[in-house]
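K.L.:
Contents of entry.cif (mmCIF, C-alpha atoms) are given next:
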```
data_run
loop_
_atom_site.label_atom_id
_atom_site.label_comp_id
_atom_site.auth_asym_id
_atom_site.auth_seq_id
_atom_site.Cartn_x
_atom_site.Cartn_y
_atom_site.Cartn_z
CA MET A 1 0.00 0.00 0.00
CA ARG A 2 3.04 2.25 0.25
CA GLN A 3 2.69 3.11 -3.44
CA PHE A 4 -0.60 4.81 -2.69
CA THR A 5 0.47 7.24 0.05
CA GLY A 6 2.18 10.62 0.26
CA GLN A 7 3.25 12.42 -2.89
CA ARG A 8 2.61 9.39 -5.07
CA ALA A 9 -0.98 9.26 -3.84
CA TRP A 10 -1.34 12.90 -4.85
CA LEU A 11 -0.03 12.06 -8.34
CA VAL A 12 -2.25 8.95 -8.65
CA GLN A 13 -5.24 11.07 -7.61
CA ARG A 14 -4.50 13.71 -10.30
CA LEU A 15 -3.69 11.24 -13.09
CA SER A 16 -6.79 9.12 -12.42
CA ALA A 17 -8.83 12.34 -12.21
CA LEU A 18 -7.61 13.38 -15.67
CA LEU A 19 -8.46 9.97 -17.15
CA LEU A 20 -11.92 10.02 -15.54
CA LEU A 21 -12.46 13.59 -16.72
CA CYS A 22 -11.64 12.60 -20.32
CA ALA A 23 -13.90 9.52 -20.08
CA THR A 24 -16.74 11.64 -18.66
CA ALA A 25 -16.36 14.22 -21.45
CA ALA A 26 -16.26 11.51 -24.14
CA LEU A 27 -19.31 9.73 -22.68
CA GLY A 28 -21.18 13.02 -22.31
CA ILE A 29 -20.52 14.03 -25.92
CA TYR A 30 -21.49 10.55 -27.17
CA LEU A 31 -24.76 10.57 -25.21
CA LEU A 32 -25.57 14.09 -26.40
CA ILE A 33 -25.12 13.15 -30.06
CA GLU A 34 -26.22 9.51 -30.18
CA GLY A 35 -28.43 9.11 -27.12
CA PRO A 36 -28.20 5.91 -25.04
CA PRO A 37 -26.75 2.97 -27.00
CA GLY A 38 -29.00 -0.01 -27.65
CA TYR A 39 -28.05 -3.39 -26.20
CA PRO A 40 -26.32 -4.68 -29.40
CA ALA A 41 -24.08 -1.59 -29.67
CA TRP A 42 -23.20 -1.74 -25.94
CA LEU A 43 -22.38 -5.46 -26.13
CA ALA A 44 -20.27 -4.94 -29.26
CA PHE A 45 -18.37 -2.16 -27.46
CA ALA A 46 -17.68 -4.33 -24.41
CA ARG A 47 -16.54 -7.23 -26.65
CA HIS A 48 -14.17 -5.10 -28.69
CA PRO A 49 -10.63 -5.33 -27.25
CA ALA A 50 -10.31 -1.53 -27.16
CA GLY A 51 -13.75 -1.18 -25.53
CA SER A 52 -13.13 -3.73 -22.78
CA THR A 53 -9.67 -2.24 -22.15
CA LEU A 54 -11.25 1.20 -21.79
CA ILE A 55 -13.90 -0.09 -19.36
CA LEU A 56 -11.17 -1.80 -17.33
CA ALA A 57 -8.95 1.32 -17.36
CA VAL A 58 -11.84 3.52 -16.19
CA THR A 59 -12.67 1.00 -13.44
CA ALA A 60 -9.02 0.95 -12.32
CA ALA A 61 -8.93 4.76 -12.29
CA LEU A 62 -12.20 4.85 -10.30
CA CYS A 63 -10.87 2.39 -7.72
CA LEU A 64 -7.50 4.16 -7.34
CA HIS A 65 -9.14 7.59 -7.18
CA GLY A 66 -11.69 6.32 -4.66
CA TRP A 67 -8.92 4.78 -2.56
CA VAL A 68 -6.83 7.98 -2.34
CA GLY A 69 -9.91 10.08 -1.56
CA ALA A 70 -11.31 7.69 1.04
CA ARG A 71 -7.87 7.40 2.64
CA ASP A 72 -7.57 11.21 2.92
CA VAL A 73 -11.00 11.42 4.56
CA VAL A 74 -10.33 8.53 6.97
CA LEU A 75 -6.94 9.93 8.05
CA ASP A 76 -8.48 13.37 8.64
CA TYR A 77 -11.50 12.30 10.69
CA LEU A 78 -10.54 8.98 12.33
CA HIS A 79 -7.72 9.25 14.82
CA ARG A 80 -7.67 5.91 16.61
CA PRO A 81 -5.21 3.57 14.87
CA ALA A 82 -7.46 0.53 15.30
CA TRP A 83 -10.44 2.32 13.71
CA ARG A 84 -8.27 3.62 10.90
CA LEU A 85 -6.94 0.15 10.15
CA CYS A 86 -10.42 -1.41 10.15
CA VAL A 87 -12.02 1.22 7.93
CA LEU A 88 -9.07 1.43 5.52
CA ALA A 89 -8.96 -2.36 5.23
CA LEU A 90 -12.71 -2.39 4.55
CA VAL A 91 -12.41 0.30 1.85
CA ALA A 92 -9.41 -1.38 0.21
CA THR A 93 -11.17 -4.76 0.18
CA ALA A 94 -14.38 -3.30 -1.23
CA LEU A 95 -12.60 -1.38 -4.00
CA GLY A 96 -10.39 -4.38 -4.81
CA LEU A 97 -13.48 -6.59 -5.12
CA VAL A 98 -15.19 -4.03 -7.36
CA PHE A 99 -12.20 -4.10 -9.73
CA LEU A 100 -11.94 -7.92 -9.67
CA ARG A 101 -15.66 -8.38 -10.35
CA VAL A 102 -15.55 -6.00 -13.30
CA LEU A 103 -12.57 -7.98 -14.60
CA VAL A 104 -14.53 -11.24 -14.26
CA VAL A 105 -17.63 -9.77 -15.93
CA LEU A 106 -15.58 -8.50 -18.88
CA ALA A 107 -13.76 -11.83 -19.21
CA ALA A 108 -17.10 -13.68 -19.21
CA THR A 109 -18.47 -11.31 -21.85
CA LEU A 110 -15.45 -11.92 -24.07
CA ALA A 111 -15.56 -15.69 -23.47
CA HIS A 112 -19.19 -15.91 -24.62
CA ALA A 113 -18.53 -13.96 -27.80
CA PRO A 114 -19.60 -15.88 -30.91
CA MET B 1 -12.48 30.51 9.57
CA ALA B 2 -14.62 32.91 11.60
CA VAL B 3 -15.34 31.45 15.03
CA ARG B 4 -17.88 32.97 17.36
CA PRO B 5 -16.96 32.74 21.07
CA GLU B 6 -19.71 30.26 21.87
CA ALA B 7 -18.12 27.84 19.42
CA LEU B 8 -15.19 27.54 21.78
CA ALA B 9 -17.34 26.48 24.73
CA GLY B 10 -16.02 23.28 26.23
CA ARG B 11 -12.74 22.17 27.68
CA ARG B 12 -9.40 23.33 26.38
CA ASN B 13 -6.47 20.99 25.94
CA PRO B 14 -3.11 21.71 27.67
CA ALA B 15 -1.88 23.71 24.66
CA GLY B 16 -4.79 26.11 25.15
CA LEU B 17 -6.36 25.15 21.84
CA PRO B 18 -10.16 24.82 21.74
CA ARG B 19 -11.69 21.36 21.80
CA PHE B 20 -15.21 20.13 21.16
CA LEU B 21 -15.89 22.75 18.48
CA ASN B 22 -19.59 23.42 18.07
CA LEU B 23 -19.96 23.08 14.31
CA PHE B 24 -23.30 24.91 14.33
CA ALA B 25 -21.72 28.06 15.78
CA ILE B 26 -18.95 28.24 13.18
CA ARG B 27 -19.57 30.29 10.05
CA PHE B 28 -18.17 28.30 7.12
CA PRO B 29 -16.78 30.37 4.25
CA ILE B 30 -17.89 29.36 0.77
CA GLY B 31 -14.54 27.67 0.08
CA ALA B 32 -15.01 25.40 3.11
CA ILE B 33 -18.50 24.43 1.94
CA ALA B 34 -17.13 23.64 -1.53
CA SER B 35 -14.38 21.52 0.03
CA ILE B 36 -16.71 19.58 2.34
CA GLY B 37 -19.10 19.09 -0.56
CA HIS B 38 -16.28 17.64 -2.64
CA ARG B 39 -15.52 15.12 0.11
CA LEU B 40 -19.15 14.29 0.82
CA SER B 41 -19.94 13.77 -2.88
CA GLY B 42 -16.79 11.65 -3.22
CA ALA B 43 -17.91 9.45 -0.31
CA CYS B 44 -21.35 9.05 -1.92
CA LEU B 45 -19.75 8.06 -5.22
CA VAL B 46 -17.45 5.48 -3.57
CA LEU B 47 -20.56 3.99 -1.96
CA ALA B 48 -22.37 3.99 -5.32
CA MET B 49 -19.38 2.18 -6.88
CA LEU B 50 -20.34 -0.94 -4.93
CA TRP B 51 -23.23 -1.43 -7.40
CA LEU B 52 -21.00 -0.91 -10.45
CA PRO B 53 -19.96 -4.54 -11.17
CA ASP B 54 -23.49 -5.89 -10.78
CA THR B 55 -24.91 -3.15 -13.01
CA LEU B 56 -22.25 -3.82 -15.65
CA ALA B 57 -22.94 -7.56 -15.51
CA ARG B 58 -26.69 -7.10 -15.88
CA SER B 59 -26.31 -4.59 -18.71
CA LEU B 60 -24.24 -7.11 -20.72
CA ARG B 61 -26.09 -10.36 -19.91
CA SER B 62 -28.98 -10.13 -22.39
CA GLN B 63 -31.32 -7.75 -24.19
CA GLY B 64 -33.97 -8.46 -21.54
CA ASP B 65 -31.62 -7.68 -18.63
CA TYR B 66 -30.47 -4.49 -20.38
CA ASP B 67 -34.06 -3.31 -20.91
CA ALA B 68 -35.03 -4.23 -17.33
CA LEU B 69 -32.09 -2.20 -16.01
CA LEU B 70 -33.10 0.89 -17.98
CA ALA B 71 -36.75 0.44 -16.97
CA ALA B 72 -35.77 0.15 -13.29
CA TRP B 73 -33.87 3.42 -13.54
CA ARG B 74 -36.90 5.08 -15.14
CA SER B 75 -39.19 4.22 -12.24
CA PRO B 76 -40.33 7.36 -10.37
CA TRP B 77 -39.24 5.73 -7.10
CA MET B 78 -35.64 5.88 -8.32
CA ALA B 79 -35.78 9.61 -9.14
CA PRO B 80 -34.53 10.84 -5.74
CA LEU B 81 -31.66 8.34 -5.73
CA GLU B 82 -30.86 9.15 -9.35
CA PHE B 83 -30.81 12.86 -8.55
CA LEU B 84 -28.53 12.28 -5.56
CA ILE B 85 -26.03 10.30 -7.64
CA LEU B 86 -26.21 12.78 -10.54
CA TRP B 87 -25.73 15.70 -8.16
CA ALA B 88 -22.79 14.02 -6.39
CA PHE B 89 -21.22 13.14 -9.74
CA CYS B 90 -21.71 16.55 -11.41
CA TYR B 91 -20.56 18.47 -8.36
CA HIS B 92 -17.56 16.20 -7.77
CA VAL B 93 -16.38 16.54 -11.39
CA LEU B 94 -16.77 20.34 -11.39
CA ALA B 95 -15.10 20.80 -8.00
CA GLY B 96 -12.31 18.46 -9.12
CA LEU B 97 -11.83 20.48 -12.31
CA ARG B 98 -11.61 23.60 -10.13
CA HIS B 99 -8.89 21.93 -8.06
CA LEU B 100 -6.93 20.82 -11.12
CA LEU B 101 -7.07 24.36 -12.53
CA MET B 102 -5.85 25.74 -9.19
CA ASP B 103 -2.96 23.23 -9.30
CA VAL B 104 -1.74 24.92 -12.49
CA GLY B 105 -2.34 28.36 -11.00
CA VAL B 106 -5.67 29.28 -12.58
CA GLY B 107 -8.03 31.05 -10.18
CA ALA B 108 -5.98 30.22 -7.09
CA ARG B 109 -6.20 33.71 -5.56
CA LEU B 110 -8.88 34.26 -2.92
CA PRO B 111 -11.48 36.40 -4.78
CA ALA B 112 -11.39 34.15 -7.84
CA ALA B 113 -11.44 31.02 -5.66
CA ARG B 114 -14.50 32.28 -3.77
CA ALA B 115 -16.28 33.11 -7.02
CA SER B 116 -15.47 29.71 -8.58
CA ALA B 117 -16.60 27.93 -5.38
CA ARG B 118 -20.00 29.63 -5.72
CA LEU B 119 -20.05 28.82 -9.44
CA VAL B 120 -19.36 25.06 -9.09
CA LEU B 121 -21.85 24.73 -6.21
CA GLY B 122 -24.60 26.31 -8.30
CA LEU B 123 -23.60 24.69 -11.58
CA GLY B 124 -23.33 21.18 -10.08
CA PHE B 125 -26.89 21.39 -8.74
CA ALA B 126 -28.25 22.94 -11.96
CA ILE B 127 -26.65 20.40 -14.33
CA ALA B 128 -27.85 17.49 -12.18
CA LEU B 129 -31.38 18.89 -12.29
CA VAL B 130 -31.26 19.40 -16.08
CA LEU B 131 -29.94 15.83 -16.61
CA LEU B 132 -32.64 14.33 -14.38
CA VAL B 133 -35.42 16.19 -16.21
CA ALA B 134 -33.93 15.58 -19.68
CA ARG B 135 -33.59 11.82 -19.08
CA ARG B 136 -37.14 11.47 -17.80
CA TRP B 137 -38.74 13.68 -20.47
CA PRO B 138 -41.16 11.48 -22.47
#
```
Translate the structure described by the file into structure tokens.

P.N.:
Amino acid sequence: MRQFTGQRAWLVQRLSALLLLCATAALGIYLLIEGPPGYPAWLAFARHPAGSTLILAVTAALCLHGWVGARDVVLDYLHRPAWRLCVLALVATALGLVFLRVLVVLAATLAHAP
Amino acid sequence: MAVRPEALAGRRNPAGLPRFLNLFAIRFPIGAIASIGHRLSGACLVLAMLWLPDTLARSLRSQGDYDALLAAWRSPWMAPLEFLILWAFCYHVLAGLRHLLMDVGVGARLPAARASARLVLGLGFAIALVLLVARRWP
């Protein structure tokens, strides 16, 4: 977890923020022009190697960004070491599971491709 | 931060610093409200992320699951929750953009920072409202 503290955490927070900002802008522009995609278009996107990579990258950025933010909040408002450890472990586990489940879902989607 | 005397009621620690601050007696400047809002919206979004894998799975499983998901989100009962998530998302993105701009020195001085804090607070709420109405328009 040392990689995600101090100055490196600050950098991870900014870099993931930039990626998420770009993804939000791209999604916003797409939805404005095309409206919500139908199921076939959405499935085709998730099955395309570039599409699934993008979904995975956005999920990774979300989890990292969420981790740095949650860690900042916990360290500011929780002062007892035992509480900090419990809550940080809970957050890390939850975010890790979110990423792993998205990975599994994407793998299953690719595996069932015709 | 402006602190009224009654906010300092309570014991003082050995260093003479106030303890047990009464949050309701402290006047929060607009920058502090923007900052707390950024954290609060971030916490809401982390919580909302717990539903992300399941939503992704259901949206990709079949045409029926995809339609059911969209229909569930269209239900009027979901409107308050949808608004809360939209508001948290819009505000968090705008406040984050404000921070990133300040990092590179844009609008970092106090008058500009106060004005942009007001702007993102208003704009975040307004955009969320517009998105909610636009999505539910027949």

K.L.:
Just checking: using only C-alpha atoms, which residue out of A:Val87, A:Val68, A:Leu27, A:Ala94 ends up closest to chain B?

P.N.:
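With only C-alpha atoms as the atom set, the closest residue is A:Ala94.
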
K.L.:
Need the shell around Leu81 in chain B: protein/DNA/RNA residues with any atom at most 12 Å away, counting all atoms listed in the file. Skip same-chain ones fewer than 6 positions apart. Format as a list in words?

P.N.:
Cys44, Leu45, Ala48, Ala72, Trp73, Arg74, Ser75, Trp87, Ala88, Ala128 and Leu132 of chain B

K.L.:
Taking the file as I've supplied it (selection: the PyMOL selection byres ((chain A) within 8 of (chain B))), which residues are included? Please answer as number ranges by chain.

P.N.:
A: 14, 17, 21, 39-40, 42-43, 66, 69-70, 73, 94-95, 98-99, 101-102, 105, 109

K.L.:
Can you tell me how far CA of Leu123 in chain B sits from CA of Leu84 in chain B, in Å to one decimal?

P.N.:
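Interatomic distance, CA of Leu123 in chain B to CA of Leu84 in chain B: 14.6 Å.
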
K.L.:
From the options A:Trp67, A:Thr53, A:Pro81, A:Leu62, which residue's atoms come nearest to Leu103 in chain A, counting all atoms listed in the file?

P.N.:
A:Thr53

K.L.:
Just how far from CA of Leu110 in chain A is CA of Ser52 in chain A, in Å to one decimal?

P.N.:
8.6 Å

K.L.:
Go through A:Arg84, A:Leu11, A:Leu75, A:Ala60 and flag the residue nearest Leu97 in chain A, using all atoms listed in the file for the distances.

P.N.:
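Comparing A:Arg84, A:Leu11, A:Leu75, A:Ala60 against Leu97 in chain A, the winner is A:Ala60.
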
K.L.:
Give me, please, the distance in Å between CA of Ala9 in chain A and CA of Asp76 in chain A, quoted to one decimal.

P.N.:
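Between CA of Ala9 in chain A and CA of Asp76 in chain A the gap works out to 15.1 Å.
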
K.L.:
What residues come out when you apply the PyMOL selection byres ((chain A and resi 20) around 12) to this file, written as a PDB file with C-alpha atoms, keeping the file's coordinate frame?

P.N.:
```pdb
ATOM      1  CA  VAL A  12      -2.250   8.950  -8.650  1.00  0.00           C
ATOM      2  CA  GLN A  13      -5.240  11.070  -7.610  1.00  0.00           C
ATOM      3  CA  ARG A  14      -4.500  13.710 -10.300  1.00  0.00           C
ATOM      4  CA  LEU A  15      -3.690  11.240 -13.090  1.00  0.00           C
ATOM      5  CA  SER A  16      -6.790   9.120 -12.420  1.00  0.00           C
ATOM      6  CA  ALA A  17      -8.830  12.340 -12.210  1.00  0.00           C
ATOM      7  CA  LEU A  18      -7.610  13.380 -15.670  1.00  0.00           C
ATOM      8  CA  LEU A  19      -8.460   9.970 -17.150  1.00  0.00           C
ATOM      9  CA  LEU A  21     -12.460  13.590 -16.720  1.00  0.00           C
ATOM     10  CA  CYS A  22     -11.640  12.600 -20.320  1.00  0.00           C
ATOM     11  CA  ALA A  23     -13.900   9.520 -20.080  1.00  0.00           C
ATOM     12  CA  THR A  24     -16.740  11.640 -18.660  1.00  0.00           C
ATOM     13  CA  ALA A  25     -16.360  14.220 -21.450  1.00  0.00           C
ATOM     14  CA  ALA A  26     -16.260  11.510 -24.140  1.00  0.00           C
ATOM     15  CA  LEU A  27     -19.310   9.730 -22.680  1.00  0.00           C
ATOM     16  CA  GLY A  28     -21.180  13.020 -22.310  1.00  0.00           C
ATOM     17  CA  LEU A  54     -11.250   1.200 -21.790  1.00  0.00           C
ATOM     18  CA  ILE A  55     -13.900  -0.090 -19.360  1.00  0.00           C
ATOM     19  CA  LEU A  56     -11.170  -1.800 -17.330  1.00  0.00           C
ATOM     20  CA  ALA A  57      -8.950   1.320 -17.360  1.00  0.00           C
ATOM     21  CA  VAL A  58     -11.840   3.520 -16.190  1.00  0.00           C
ATOM     22  CA  THR A  59     -12.670   1.000 -13.440  1.00  0.00           C
ATOM     23  CA  ALA A  60      -9.020   0.950 -12.320  1.00  0.00           C
ATOM     24  CA  ALA A  61      -8.930   4.760 -12.290  1.00  0.00           C
ATOM     25  CA  LEU A  62     -12.200   4.850 -10.300  1.00  0.00           C
ATOM     26  CA  CYS A  63     -10.870   2.390  -7.720  1.00  0.00           C
ATOM     27  CA  LEU A  64      -7.500   4.160  -7.340  1.00  0.00           C
ATOM     28  CA  HIS A  65      -9.140   7.590  -7.180  1.00  0.00           C
ATOM     29  CA  GLY A  66     -11.690   6.320  -4.660  1.00  0.00           C
TER      30      GLY A  66
ATOM     31  CA  PHE B  89     -21.220  13.140  -9.740  1.00  0.00           C
ATOM     32  CA  HIS B  92     -17.560  16.200  -7.770  1.00  0.00           C
ATOM     33  CA  VAL B  93     -16.380  16.540 -11.390  1.00  0.00           C
ATOM     34  CA  GLY B  96     -12.310  18.460  -9.120  1.00  0.00           C
ATOM     35  CA  LEU B  97     -11.830  20.480 -12.310  1.00  0.00           C
TER      36      LEU B  97
END
```

K.L.:
So which one's closest to Glu82 in chain B, B:Leu110, B:Leu131, B:Leu101, B:Ala25? Using all atoms listed in the file, please.

P.N.:
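For Glu82 in chain B, the nearest of the candidates is B:Leu131.
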
K.L.:
Once the PyMOL selection byres ((chain B and resi 118) around 12) has been applied to the shown file, what residues remain in the selection, as a list in words?

P.N.:
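Output from the PyMOL selection byres ((chain B and resi 118) around 12), applied to this file: Pro29, Ile30, Gly31, Ala32, Ile33, Ala34, Ser35, Gly37, Tyr91, Leu94, Ala95, Arg98, Pro111, Ala112, Ala113, Arg114, Ala115, Ser116, Ala117, Leu119, Val120, Leu121, Gly122, Leu123, Gly124 and Phe125 of chain B.
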
K.L.:
What would the file look like if the residues just selected were written as a CSV table (one decimal), keeping the file's coordinate frame with C-alpha atoms?

P.N.:
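Result file follows (result.csv):
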```
chain,number,residue,atom,x,y,z
B,29,PRO,CA,-16.8,30.4,4.2
B,30,ILE,CA,-17.9,29.4,0.8
B,31,GLY,CA,-14.5,27.7,0.1
B,32,ALA,CA,-15.0,25.4,3.1
B,33,ILE,CA,-18.5,24.4,1.9
B,34,ALA,CA,-17.1,23.6,-1.5
B,35,SER,CA,-14.4,21.5,0.0
B,37,GLY,CA,-19.1,19.1,-0.6
B,91,TYR,CA,-20.6,18.5,-8.4
B,94,LEU,CA,-16.8,20.3,-11.4
B,95,ALA,CA,-15.1,20.8,-8.0
B,98,ARG,CA,-11.6,23.6,-10.1
B,111,PRO,CA,-11.5,36.4,-4.8
B,112,ALA,CA,-11.4,34.2,-7.8
B,113,ALA,CA,-11.4,31.0,-5.7
B,114,ARG,CA,-14.5,32.3,-3.8
B,115,ALA,CA,-16.3,33.1,-7.0
B,116,SER,CA,-15.5,29.7,-8.6
B,117,ALA,CA,-16.6,27.9,-5.4
B,119,LEU,CA,-20.0,28.8,-9.4
B,120,VAL,CA,-19.4,25.1,-9.1
B,121,LEU,CA,-21.8,24.7,-6.2
B,122,GLY,CA,-24.6,26.3,-8.3
B,123,LEU,CA,-23.6,24.7,-11.6
B,124,GLY,CA,-23.3,21.2,-10.1
B,125,PHE,CA,-26.9,21.4,-8.7
```

K.L.:
Can we get range 39-66 of chain A of that structure written down with N, CA and C atoms, as an mmCIF file, in the first residue's frame?

P.N.:
```
data_model
loop_
_atom_site.group_PDB
_atom_site.id
_atom_site.type_symbol
_atom_site.label_atom_id
_atom_site.label_comp_id
_atom_site.auth_asym_id
_atom_site.auth_seq_id
_atom_site.Cartn_x
_atom_site.Cartn_y
_atom_site.Cartn_z
ATOM 1 N N TYR A 39 -28.795 -2.260 -26.745
ATOM 2 C CA TYR A 39 -28.046 -3.394 -26.203
ATOM 3 C C TYR A 39 -26.997 -3.926 -27.178
ATOM 4 N N PRO A 40 -27.325 -4.119 -28.470
ATOM 5 C CA PRO A 40 -26.320 -4.675 -29.396
ATOM 6 C C PRO A 40 -25.056 -3.813 -29.481
ATOM 7 N N ALA A 41 -25.237 -2.490 -29.548
ATOM 8 C CA ALA A 41 -24.081 -1.594 -29.669
ATOM 9 C C ALA A 41 -23.233 -1.641 -28.396
ATOM 10 N N TRP A 42 -23.892 -1.694 -27.230
ATOM 11 C CA TRP A 42 -23.203 -1.737 -25.940
ATOM 12 C C TRP A 42 -22.412 -3.029 -25.797
ATOM 13 N N LEU A 43 -23.049 -4.162 -26.205
ATOM 14 C CA LEU A 43 -22.376 -5.461 -26.128
ATOM 15 C C LEU A 43 -21.173 -5.491 -27.077
ATOM 16 N N ALA A 44 -21.365 -4.960 -28.289
ATOM 17 C CA ALA A 44 -20.268 -4.942 -29.264
ATOM 18 C C ALA A 44 -19.099 -4.121 -28.722
ATOM 19 N N PHE A 45 -19.421 -3.000 -28.046
ATOM 20 C CA PHE A 45 -18.374 -2.156 -27.462
ATOM 21 C C PHE A 45 -17.599 -2.926 -26.398
ATOM 22 N N ALA A 46 -18.335 -3.614 -25.504
ATOM 23 C CA ALA A 46 -17.683 -4.334 -24.406
ATOM 24 C C ALA A 46 -16.873 -5.528 -24.919
ATOM 25 N N ARG A 47 -17.261 -6.073 -26.116
ATOM 26 C CA ARG A 47 -16.536 -7.229 -26.646
ATOM 27 C C ARG A 47 -15.333 -6.816 -27.476
ATOM 28 N N HIS A 48 -15.318 -5.578 -27.927
ATOM 29 C CA HIS A 48 -14.167 -5.100 -28.691
ATOM 30 C C HIS A 48 -12.980 -4.951 -27.738
ATOM 31 N N PRO A 49 -11.790 -5.426 -28.154
ATOM 32 C CA PRO A 49 -10.625 -5.334 -27.249
ATOM 33 C C PRO A 49 -10.398 -3.910 -26.734
ATOM 34 N N ALA A 50 -10.537 -2.914 -27.606
ATOM 35 C CA ALA A 50 -10.315 -1.529 -27.156
ATOM 36 C C ALA A 50 -11.393 -1.106 -26.168
ATOM 37 N N GLY A 51 -12.634 -1.539 -26.417
ATOM 38 C CA GLY A 51 -13.751 -1.181 -25.535
ATOM 39 C C GLY A 51 -13.578 -1.764 -24.146
ATOM 40 N N SER A 52 -13.262 -3.096 -24.091
ATOM 41 C CA SER A 52 -13.132 -3.731 -22.776
ATOM 42 C C SER A 52 -11.918 -3.173 -22.038
ATOM 43 N N THR A 53 -10.849 -2.847 -22.777
ATOM 44 C CA THR A 53 -9.670 -2.243 -22.149
ATOM 45 C C THR A 53 -10.032 -0.896 -21.541
ATOM 46 N N LEU A 54 -10.843 -0.124 -22.273
ATOM 47 C CA LEU A 54 -11.251 1.196 -21.789
ATOM 48 C C LEU A 54 -12.107 1.071 -20.523
ATOM 49 N N ILE A 55 -13.056 0.122 -20.544
ATOM 50 C CA ILE A 55 -13.902 -0.088 -19.358
ATOM 51 C C ILE A 55 -13.031 -0.462 -18.160
ATOM 52 N N LEU A 56 -12.054 -1.352 -18.410
ATOM 53 C CA LEU A 56 -11.173 -1.797 -17.329
ATOM 54 C C LEU A 56 -10.301 -0.636 -16.816
ATOM 55 N N ALA A 57 -9.800 0.187 -17.749
ATOM 56 C CA ALA A 57 -8.952 1.320 -17.362
ATOM 57 C C ALA A 57 -9.750 2.320 -16.528
ATOM 58 N N VAL A 58 -10.990 2.583 -16.946
ATOM 59 C CA VAL A 58 -11.838 3.521 -16.193
ATOM 60 C C VAL A 58 -12.140 2.956 -14.805
ATOM 61 N N THR A 59 -12.403 1.628 -14.739
ATOM 62 C CA THR A 59 -12.665 1.004 -13.435
ATOM 63 C C THR A 59 -11.434 1.105 -12.532
ATOM 64 N N ALA A 60 -10.256 0.848 -13.110
ATOM 65 C CA ALA A 60 -9.022 0.948 -12.322
ATOM 66 C C ALA A 60 -8.839 2.372 -11.814
ATOM 67 N N ALA A 61 -9.070 3.357 -12.687
ATOM 68 C CA ALA A 61 -8.929 4.762 -12.287
ATOM 69 C C ALA A 61 -9.923 5.107 -11.185
ATOM 70 N N LEU A 62 -11.176 4.606 -11.319
ATOM 71 C CA LEU A 62 -12.204 4.853 -10.296
ATOM 72 C C LEU A 62 -11.762 4.291 -8.946
ATOM 73 N N CYS A 63 -11.256 3.043 -8.970
ATOM 74 C CA CYS A 63 -10.868 2.391 -7.715
ATOM 75 C C CYS A 63 -9.682 3.111 -7.073
ATOM 76 N N LEU A 64 -8.668 3.457 -7.882
ATOM 77 C CA LEU A 64 -7.497 4.158 -7.338
ATOM 78 C C LEU A 64 -7.894 5.528 -6.798
ATOM 79 N N HIS A 65 -8.699 6.261 -7.572
ATOM 80 C CA HIS A 65 -9.144 7.591 -7.180
ATOM 81 C C HIS A 65 -9.980 7.517 -5.900
ATOM 82 N N GLY A 66 -10.859 6.527 -5.848
ATOM 83 C CA GLY A 66 -11.690 6.325 -4.656
ATOM 84 C C GLY A 66 -10.833 5.978 -3.444
#
```
